[in-house]
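Next up, final-v4.cif (mmCIF, C-alpha atoms):
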```
data_input
loop_
_atom_site.label_atom_id
_atom_site.label_comp_id
_atom_site.auth_asym_id
_atom_site.auth_seq_id
_atom_site.Cartn_x
_atom_site.Cartn_y
_atom_site.Cartn_z
CA MET N 335 -37.82 222.71 -185.03
CA ALA N 336 -40.42 219.98 -184.63
CA GLU N 337 -42.83 221.94 -182.44
CA LEU N 338 -42.88 225.02 -180.22
CA SER N 339 -42.45 223.02 -177.00
CA ARG N 340 -38.92 222.12 -178.17
CA LEU N 341 -37.97 225.75 -177.58
CA GLY N 342 -39.20 225.68 -173.99
CA ARG N 343 -41.99 224.67 -171.64
CA GLU N 344 -41.95 227.62 -169.27
CA GLN N 345 -44.26 230.46 -170.27
CA THR N 346 -42.33 233.51 -169.09
CA GLU N 347 -38.85 232.44 -170.17
CA THR N 348 -39.97 230.93 -173.48
CA SER N 349 -41.88 234.10 -174.40
CA LYS N 350 -38.81 236.22 -173.64
CA GLU N 351 -36.53 234.02 -175.71
CA LEU N 352 -38.99 233.90 -178.57
CA ALA N 353 -39.31 237.70 -178.60
CA SER N 354 -35.52 238.02 -178.59
CA ILE N 355 -35.17 235.58 -181.50
CA VAL N 356 -37.77 237.39 -183.58
CA ALA N 357 -36.23 240.78 -182.74
CA ASN N 358 -32.96 239.57 -184.26
CA ASN N 359 -34.73 238.85 -187.55
CA VAL N 360 -34.51 235.09 -187.15
CA ARG N 361 -37.29 233.10 -188.79
CA ILE N 362 -38.65 229.93 -187.17
CA PHE N 363 -40.04 227.00 -189.14
CA PHE N 364 -41.81 223.82 -188.02
CA TYR N 365 -40.59 221.02 -190.25
CA ARG N 366 -43.37 218.62 -189.26
CA GLU N 367 -46.09 220.97 -190.45
CA ASP N 368 -43.89 222.68 -193.05
CA LYS N 369 -44.90 226.17 -191.99
CA GLU N 370 -43.37 229.30 -190.48
CA LEU N 371 -44.09 230.65 -187.03
CA ASN N 372 -45.88 234.00 -187.16
CA TYR N 373 -45.30 236.32 -184.21
CA ASP N 374 -46.34 239.70 -185.56
CA SER N 375 -49.95 240.48 -184.69
CA ALA N 376 -51.70 240.31 -181.33
CA VAL N 377 -53.61 237.23 -182.48
CA ASP N 378 -50.35 235.49 -183.48
CA LYS N 379 -48.84 236.21 -180.08
CA PHE N 380 -51.95 234.99 -178.28
CA MET N 381 -51.93 231.70 -180.20
CA VAL N 382 -48.23 231.16 -179.56
CA ASN N 383 -48.61 231.88 -175.84
CA ALA N 384 -51.54 229.46 -175.69
CA LEU N 385 -49.31 226.74 -177.15
CA ILE N 386 -46.59 227.54 -174.62
CA PHE N 387 -49.18 227.38 -171.81
CA ALA N 388 -50.32 223.96 -173.02
CA ALA N 389 -46.70 222.76 -173.15
CA GLU N 390 -46.06 223.89 -169.57
CA MET N 391 -49.26 222.22 -168.37
CA GLU N 392 -48.22 218.96 -170.02
CA ARG N 393 -44.83 219.17 -168.34
CA GLU N 394 -46.43 219.64 -164.92
CA LEU N 395 -48.85 216.76 -165.47
CA ALA N 396 -46.04 214.49 -166.65
CA SER N 397 -44.04 215.41 -163.56
CA GLU N 398 -46.99 214.59 -161.29
CA ARG N 399 -47.53 211.24 -163.01
CA GLY N 400 -43.87 210.39 -162.55
CA ARG N 401 -43.96 211.38 -158.89
CA GLU N 402 -47.07 209.28 -158.24
CA LYS N 403 -45.44 206.26 -159.85
CA SER N 404 -42.29 206.83 -157.80
CA GLU N 405 -44.34 206.97 -154.59
CA GLN N 406 -46.05 203.69 -155.47
CA LYS N 407 -42.66 202.04 -155.98
CA PHE N 408 -41.46 203.47 -152.66
CA ASN N 409 -44.47 202.04 -150.81
CA ARG N 410 -43.64 198.62 -152.27
CA GLY N 411 -40.06 198.92 -151.02
CA GLU N 412 -38.54 199.21 -154.49
CA VAL N 413 -35.64 201.39 -155.60
CA THR N 414 -36.93 204.79 -156.68
CA GLY N 415 -33.65 206.58 -157.36
CA GLY N 416 -30.04 205.77 -158.06
CA ARG N 417 -27.42 204.01 -155.99
CA VAL N 418 -26.83 204.49 -152.28
CA TYR N 419 -23.50 203.67 -150.68
CA GLY N 420 -24.01 200.70 -148.41
CA TYR N 421 -26.46 198.88 -150.65
CA ASN N 422 -26.62 196.94 -153.89
CA ASN N 423 -29.38 197.49 -156.41
CA VAL N 424 -30.83 194.04 -157.12
CA TRP N 425 -32.70 193.60 -160.38
CA ASN N 426 -35.84 191.48 -160.19
CA PHE N 427 -36.62 189.99 -163.60
CA LYS N 428 -40.06 189.10 -164.90
CA ASP N 429 -39.20 185.39 -164.83
CA GLY N 430 -38.41 185.57 -161.09
CA ALA N 431 -34.62 185.67 -161.43
CA LYS N 432 -32.50 188.18 -159.50
CA LYS N 433 -29.17 189.81 -160.25
CA VAL N 434 -27.03 192.44 -158.54
CA ALA N 435 -26.74 195.44 -160.86
CA GLU N 436 -23.14 196.31 -161.65
CA VAL N 437 -22.06 199.94 -161.43
CA GLY N 438 -22.71 201.64 -164.75
CA ALA N 439 -24.69 198.71 -166.19
CA ILE N 440 -27.69 199.44 -168.40
CA LYS N 441 -30.93 198.01 -167.04
CA PRO N 442 -32.33 195.24 -169.28
CA THR N 443 -35.83 195.63 -170.64
CA ASP N 444 -37.12 192.53 -168.84
CA VAL N 445 -36.36 193.90 -165.35
CA LYS N 446 -39.58 194.21 -163.37
CA HIS N 447 -38.18 196.34 -160.56
CA ALA N 448 -35.11 196.80 -158.36
CA GLU N 449 -34.69 196.33 -154.62
CA TYR N 450 -32.03 197.27 -152.09
CA GLU N 451 -29.69 194.72 -150.56
CA ILE N 452 -26.95 195.41 -148.02
CA ASN N 453 -23.45 195.45 -149.50
CA GLU N 454 -21.29 193.71 -146.90
CA ASP N 455 -18.06 195.46 -147.93
CA HIS N 456 -19.73 198.85 -147.70
CA LYS N 457 -21.28 197.88 -144.38
CA THR N 458 -17.83 197.16 -142.96
CA VAL N 459 -16.61 200.61 -144.01
CA ILE N 460 -19.69 202.42 -142.70
CA LEU N 461 -19.46 200.74 -139.30
CA ALA N 462 -15.75 201.49 -139.07
CA ILE N 463 -16.36 205.15 -139.93
CA HIS N 464 -18.93 205.48 -137.15
CA LYS N 465 -16.68 203.69 -134.66
CA MET N 466 -13.68 205.82 -135.60
CA TYR N 467 -15.71 209.01 -135.26
CA ASN N 468 -16.92 207.96 -131.83
CA ASP N 469 -13.32 207.32 -130.84
CA ASN N 470 -12.85 211.10 -131.12
CA HIS N 471 -11.37 211.17 -134.62
CA GLY N 472 -12.52 214.00 -136.87
CA MET N 473 -13.98 213.73 -140.35
CA LYS N 474 -10.78 214.99 -141.93
CA ALA N 475 -8.73 212.34 -140.12
CA ILE N 476 -11.18 209.62 -141.19
CA ALA N 477 -10.97 210.74 -144.83
CA LYS N 478 -7.18 210.72 -144.74
CA THR N 479 -7.20 207.30 -143.10
CA LEU N 480 -9.41 205.86 -145.84
CA ASN N 481 -7.19 207.49 -148.47
CA GLN N 482 -4.21 205.70 -146.84
CA ASP N 483 -2.36 208.89 -146.06
CA GLU N 484 1.17 208.16 -144.89
CA LYS N 485 0.64 209.70 -141.45
CA HIS N 486 -2.56 207.73 -140.92
CA LYS N 487 -1.37 204.23 -141.88
CA ALA N 488 -1.62 203.01 -138.27
CA LEU N 489 -5.24 204.17 -138.02
CA ASN N 490 -6.02 202.56 -141.36
CA LYS N 491 -4.67 199.26 -140.10
CA LYS N 492 -6.63 199.57 -136.84
CA TYR N 493 -10.02 200.44 -138.29
CA PHE N 494 -9.85 199.23 -141.91
CA ASN N 495 -7.36 196.34 -141.70
CA GLY N 496 -4.86 198.28 -143.79
CA LEU N 497 -7.11 198.15 -146.85
CA ARG N 498 -7.97 200.82 -149.42
CA PHE N 499 -11.72 200.99 -150.03
CA ASN N 500 -13.36 202.62 -153.02
CA SER N 501 -15.23 205.83 -152.32
CA PRO N 502 -18.99 206.21 -152.97
CA ALA N 503 -18.20 208.10 -156.19
CA TYR N 504 -16.08 205.26 -157.63
CA GLY N 505 -17.42 204.04 -160.95
CA THR N 506 -19.90 206.91 -161.29
CA LYS N 507 -19.90 209.78 -163.77
CA LYS N 508 -17.74 211.81 -161.40
CA GLY N 509 -15.01 209.21 -161.83
CA ILE N 510 -13.23 210.09 -158.58
CA ASN N 511 -12.01 207.57 -156.04
CA TYR N 512 -11.00 209.42 -152.93
CA TRP N 513 -12.66 210.16 -149.63
CA SER N 514 -13.36 213.68 -148.43
CA PRO N 515 -14.63 215.09 -145.11
CA SER N 516 -17.96 215.96 -146.75
CA THR N 517 -18.41 212.31 -147.81
CA ILE N 518 -17.71 211.18 -144.25
CA ARG N 519 -20.30 213.63 -142.94
CA LYS N 520 -22.96 212.23 -145.28
CA ILE N 521 -22.27 208.71 -144.04
CA LEU N 522 -22.44 209.85 -140.42
CA THR N 523 -25.79 211.58 -140.94
CA ASN N 524 -27.56 209.25 -143.40
CA GLU N 525 -30.63 207.99 -141.54
CA ARG N 526 -31.13 205.30 -144.17
CA TYR N 527 -28.48 203.21 -142.41
CA THR N 528 -30.89 202.74 -139.48
CA GLY N 529 -33.36 200.90 -141.71
CA LYS N 530 -35.56 203.91 -142.51
CA ILE N 531 -35.89 204.54 -146.24
CA PRO N 532 -36.76 208.18 -147.04
CA TRP N 533 -38.82 209.42 -149.95
CA GLY N 534 -39.83 212.90 -151.02
CA GLN N 535 -36.89 214.81 -149.54
CA TYR N 536 -36.69 216.88 -152.70
CA ARG N 537 -39.13 217.83 -155.39
CA LYS N 538 -38.33 218.90 -158.92
CA GLY N 539 -39.09 222.52 -159.65
CA TYR N 540 -38.24 225.30 -162.07
CA LYS N 541 -36.82 228.72 -161.30
CA GLY N 542 -36.31 231.10 -164.18
CA GLY N 543 -36.67 228.22 -166.60
CA THR N 544 -33.92 226.20 -164.91
CA LYS N 545 -34.64 222.83 -163.34
CA THR N 546 -33.93 222.82 -159.60
CA ARG N 547 -34.38 220.54 -156.59
CA ILE N 548 -36.59 221.99 -153.87
CA LYS N 549 -36.23 220.59 -150.37
CA GLN N 550 -39.53 219.50 -148.86
CA ALA N 551 -40.64 220.10 -145.28
CA GLU N 552 -42.36 216.71 -145.00
CA VAL N 553 -40.55 213.46 -145.78
CA GLN N 554 -42.03 209.97 -145.86
CA TYR N 555 -40.18 207.04 -144.31
CA LEU N 556 -40.57 203.32 -144.89
CA ALA N 557 -39.32 201.00 -142.16
CA LYS N 558 -37.06 198.26 -143.55
CA PRO N 559 -35.38 196.56 -140.57
CA GLU N 560 -33.59 194.11 -142.85
CA LEU N 561 -31.68 197.05 -144.37
CA ARG N 562 -30.34 198.38 -141.07
CA ILE N 563 -26.55 198.76 -141.07
CA ILE N 564 -25.90 200.87 -137.96
CA PRO N 565 -27.09 199.55 -134.58
CA GLN N 566 -29.32 202.05 -132.80
CA ALA N 567 -26.90 202.52 -129.90
CA LEU N 568 -24.02 203.39 -132.24
CA TRP N 569 -26.24 205.69 -134.30
CA ASP N 570 -27.40 207.57 -131.19
CA LYS N 571 -23.83 207.94 -130.01
CA THR N 572 -22.76 209.36 -133.36
CA GLN N 573 -25.61 211.86 -133.49
CA LYS N 574 -24.89 212.96 -129.94
CA ARG N 575 -21.28 213.73 -130.78
CA LEU N 576 -22.27 215.54 -133.98
CA THR N 577 -24.66 217.72 -131.99
CA GLU N 578 -22.03 218.45 -129.35
CA CYS N 579 -19.47 219.39 -131.99
CA GLN N 580 -21.95 221.64 -133.74
CA LYS N 581 -22.64 223.52 -130.52
CA LYS N 582 -18.95 223.77 -129.79
CA TYR N 583 -17.88 225.15 -133.14
CA ILE N 584 -20.88 227.27 -134.08
CA ARG N 585 -18.89 230.29 -132.92
CA SER N 586 -15.24 231.10 -133.34
CA THR N 587 -12.99 231.45 -130.31
CA ASP N 588 -13.54 235.21 -130.21
CA GLY N 589 -17.32 234.77 -130.13
CA LYS N 590 -18.07 235.68 -133.75
CA LEU N 591 -20.62 233.62 -135.66
CA TRP N 592 -19.27 231.57 -138.55
CA GLY N 593 -20.57 232.29 -142.02
CA ASN N 594 -21.55 235.92 -141.45
CA PRO N 595 -22.26 237.28 -144.96
CA GLY N 596 -21.08 240.71 -143.87
CA ILE N 597 -17.53 239.50 -143.20
CA ARG N 598 -15.26 239.28 -146.20
CA SER N 599 -12.28 236.97 -146.55
CA ASN N 600 -9.09 238.32 -145.01
CA TYR N 601 -6.94 236.38 -147.46
CA LEU N 602 -6.07 237.44 -150.97
CA LEU N 603 -5.49 234.12 -152.73
CA THR N 604 -8.01 231.69 -151.22
CA SER N 605 -10.54 232.13 -154.03
CA LEU N 606 -8.00 232.73 -156.80
CA ALA N 607 -5.02 230.40 -156.53
CA LYS N 608 -5.03 226.72 -157.52
CA CYS N 609 -2.72 223.84 -156.67
CA SER N 610 -0.25 223.25 -159.52
CA ILE N 611 -0.47 219.48 -159.07
CA CYS N 612 -4.12 218.56 -158.46
CA GLY N 613 -5.87 221.81 -159.40
CA SER N 614 -7.78 222.19 -156.13
CA ASN N 615 -8.17 225.50 -154.32
CA ILE N 616 -5.39 226.96 -152.24
CA SER N 617 -6.55 227.50 -148.67
CA VAL N 618 -5.13 229.01 -145.50
CA LEU N 619 -3.70 226.42 -143.12
CA GLY N 620 -2.82 226.51 -139.43
CA GLY N 621 -1.59 229.32 -137.27
CA LYS N 622 -3.27 231.21 -134.44
CA ASP N 623 -2.74 234.58 -136.07
CA LYS N 624 -2.50 235.88 -139.62
CA ASN N 625 1.28 236.25 -139.56
CA SER N 626 1.84 232.57 -138.78
CA ARG N 627 -0.68 231.18 -141.28
CA LYS N 628 0.33 229.70 -144.60
CA TYR N 629 -1.18 229.01 -147.99
CA GLY N 630 -1.33 225.37 -149.03
CA CYS N 631 -3.21 222.81 -151.12
CA SER N 632 -6.64 222.08 -149.62
CA HIS N 633 -6.77 218.54 -151.05
CA HIS N 634 -3.39 217.64 -149.55
CA HIS N 635 -4.45 219.10 -146.22
CA ASN N 636 -7.93 217.55 -146.08
CA ARG N 637 -7.45 214.27 -147.94
CA GLY N 638 -3.79 213.35 -147.60
CA THR N 639 -0.68 212.70 -149.67
CA GLU N 640 -2.27 209.87 -151.65
CA ILE N 641 -4.61 212.39 -153.25
CA CYS N 642 -2.12 215.23 -153.69
CA ALA N 643 1.58 215.17 -152.83
CA ASN N 644 1.93 218.95 -152.81
CA ASN N 645 2.98 219.70 -149.22
CA HIS N 646 4.44 223.11 -150.03
CA ARG N 647 3.50 225.94 -147.68
CA ALA N 648 3.93 229.66 -148.24
CA SER N 649 3.58 232.47 -145.70
CA VAL N 650 0.32 234.39 -146.13
CA PRO N 651 1.78 237.90 -145.54
CA THR N 652 4.77 237.20 -147.80
CA MET N 653 2.68 235.83 -150.68
CA ASP N 654 0.07 238.58 -150.41
CA GLU N 655 2.77 241.24 -150.54
CA ARG N 656 4.46 239.63 -153.55
CA VAL N 657 1.21 239.31 -155.50
CA ILE N 658 0.14 242.88 -154.76
CA THR N 659 3.58 244.16 -155.77
CA ALA N 660 3.46 242.18 -159.03
CA ILE N 661 -0.01 243.54 -159.83
CA ASP N 662 1.12 247.08 -159.08
CA GLU N 663 4.23 246.77 -161.26
CA GLN N 664 2.95 244.62 -164.13
CA VAL N 665 -0.79 245.30 -164.34
CA LEU N 666 -1.40 248.80 -163.00
CA ASN N 667 1.55 250.26 -164.85
CA PRO N 668 0.27 253.40 -166.70
CA GLU N 669 1.89 252.32 -169.97
CA ILE N 670 0.28 248.87 -169.81
CA VAL N 671 -3.12 250.31 -168.91
CA SER N 672 -2.91 252.78 -171.80
CA TYR N 673 -1.91 249.99 -174.19
CA ALA N 674 -4.82 247.79 -173.03
CA VAL N 675 -7.34 250.61 -173.50
CA ASP N 676 -6.02 251.42 -176.99
CA LEU N 677 -6.14 247.75 -177.97
CA ALA N 678 -9.73 247.40 -176.72
CA LEU N 679 -10.85 250.51 -178.63
CA HIS N 680 -9.14 249.24 -181.78
CA LYS N 681 -10.90 245.86 -181.56
CA LEU N 682 -14.23 247.57 -180.89
CA ALA N 683 -13.81 249.77 -183.96
CA GLU N 684 -12.99 246.73 -186.10
CA ARG N 685 -16.09 244.93 -184.86
CA ARG N 686 -18.34 247.92 -185.56
CA LYS N 687 -16.90 248.13 -189.05
CA ALA N 688 -17.48 244.42 -189.67
CA GLU N 689 -20.99 244.43 -188.15
CA PRO N 690 -22.50 247.90 -188.70
CA LYS N 691 -26.04 246.72 -187.94
CA ARG N 692 -25.17 245.08 -184.61
CA PRO N 693 -25.91 248.13 -182.34
CA ALA N 694 -29.41 248.46 -183.84
CA ILE N 695 -30.07 244.73 -183.36
CA ILE N 696 -28.99 244.93 -179.72
CA GLU N 697 -31.25 247.91 -179.11
CA ARG N 698 -34.25 246.09 -180.60
CA ALA N 699 -33.53 243.06 -178.43
CA LYS N 700 -33.39 245.27 -175.32
CA LYS N 701 -36.72 246.87 -176.16
CA ALA N 702 -38.27 243.45 -176.77
CA LYS N 703 -37.33 242.40 -173.24
#
```
Would you write the structure of this file as structure tokens?
Amino acid sequence: MAELSRLGREQTETSKELASIVANNVRIFFYREDKELNYDSAVDKFMVNALIFAAEMERELASERGREKSEQKFNRGEVTGGRVYGYNNVWNFKDGAKKVAEVGAIKPTDVKHAEYEINEDHKTVILAIHKMYNDNHGMKAIAKTLNQDEKHKALNKKYFNGLRFNSPAYGTKKGINYWSPSTIRKILTNERYTGKIPWGQYRKGYKGGTKTRIKQAEVQYLAKPELRIIPQALWDKTQKRLTECQKKYIRSTDGKLWGNPGIRSNYLLTSLAKCSICGSNISVLGGKDKNSRKYGCSHHHNRGTEICANNHRASVPTMDERVITAIDEQVLNPEIVSYAVDLALHKLAERRKAEPKRPAIIERAKKAK
């Protein structure tokens, strides 16, 4: 490798990985300096850990410099992140020219900065979503309407003039172009549409050597009235209904709190089965009691036939019984279990024969940790 920081810039995790590598008799060389890493004596380990400490300090300082620069751009009203549905990113060139950045376009080197500009097509969709929600339509119904589901064609014509609009993820790395209830919720709760640009909602952090986003308690806002999309009256009405719905559905009809970690799923296939057409999870649909509920495609149910045409439904009790019976007959059969155990032992013996030193290497790695 070029230098030790290429292995990692987090002291605890990098030291563990380095010890594991050395324990497995792997030698490390630095090609820039043309020398081998020594990690045998106490002095060697101290020097290596000092280098790792310096690498982590540099990472933290670089992160702080980047955050300070981002805050300066925010205070000037410039784009500090990626794209936001409802707005165009407008490139401001050094010669004073301006250009709307196309989705997926690479920023030219002579761009001075980027600013937000309202996208009129997106604005039409956002306003219609808020109006539809305040007309007592749920997020699932709005998503299906935007996806031009067959049963929601009349609503699509009423609120969206019968048109099919691209979703916020269209043209991005995700590559999807359908609306979901979660997308609708984000649009209904995004305070940016009131002309308040947020900054500092999340901060980059590291947990166990993995980069994470940490939500911050304090968020800065920059007032940009020219970027307001939702009138205040409509925004207040939307938030009021969201609050009322949250209070209404925070408990189930029998008084139990939703999301209790002590309550397990009552359904066998909800976390196992997938739709054979679109690959989404199979979920439990409809019914006031377990005997009347059915398994079905979650994408078809939540997003409509345009996204997945699989409208097949199967009785929960019937399917559960069939699956359990099949497992009992084909998996838990004593002959099959015995065969599987014999096969596993045979493969293990072959591996031990091919790699006789492997157990000792594993033991050394465990002790090193």
| task | Pull out every residue that the PyMOL selection byres ((chain N and resi 625-632) around 10) matches in the shown coordinates and put them as a ChimeraX atom specification. | result | /N:601,603-604,607-624,633-638,642-654
| Using the chain letters and numbers from the file, which residues does the PyMOL selection byres ((chain N and resi 378-395) around 8) grab, as a list in words? | Leu338, Ser339, Gly342, Arg343, Glu344, Gln345, Thr348, Ser349, Asn372, Tyr373, Asp374, Ser375, Ala376, Val377, Ala396, Ser397, Glu398 and Arg399 of chain N
Which stretch 508-546 of chain N residues have any atom within 8 Å of an atom of stretch 563-569 of chain N, and for each, what is the nearest pair of atoms with distance in Å to one decimal, counting all atoms listed in the file, rows sorted by chain and number, as a Markdown table?
```
| residue | atom | partner | partner_atom | distance |
| --- | --- | --- | --- | --- |
| N:Tyr527 | CA | N:Ile563 | CA | 5.0 |
| N:Thr528 | CA | N:Ile564 | CA | 5.5 |
| N:Gly529 | CA | N:Ile563 | CA | 7.2 |
```
| field | Hits from the PyMOL selection byres ((chain N and resi 471-481) around 10), listed as a count of residues only | value | 47
| Separation of atom CA of N:Ala503 from atom CA of N:Leu576 in Å |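 About the pair atom CA of N:Leu576 and atom CA of N:Ala503: they are 23.8 Å apart.
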| request: Provide the atom CA of N:Lys571 to atom CA of N:His456 distance in Å, to one decimal place. | output: 20.3 Å
| field | Residue among N:Asn409, N:Asp455, N:Thr346, N:Glu337 lying closest to N:Tyr365, counting all atoms listed in the file | value |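 Of N:Asn409, N:Asp455, N:Thr346, N:Glu337, the one nearest N:Tyr365 is N:Glu337, counting all atoms listed in the file.
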| request: Using all atoms listed in the file, determine which residues lie at most 6 Å from N:Phe427, disregarding the query and same-chain residues fewer than 2 positions distant; provide the list as a PyMOL selection string. | output: chain N and resi 429-431+444-446
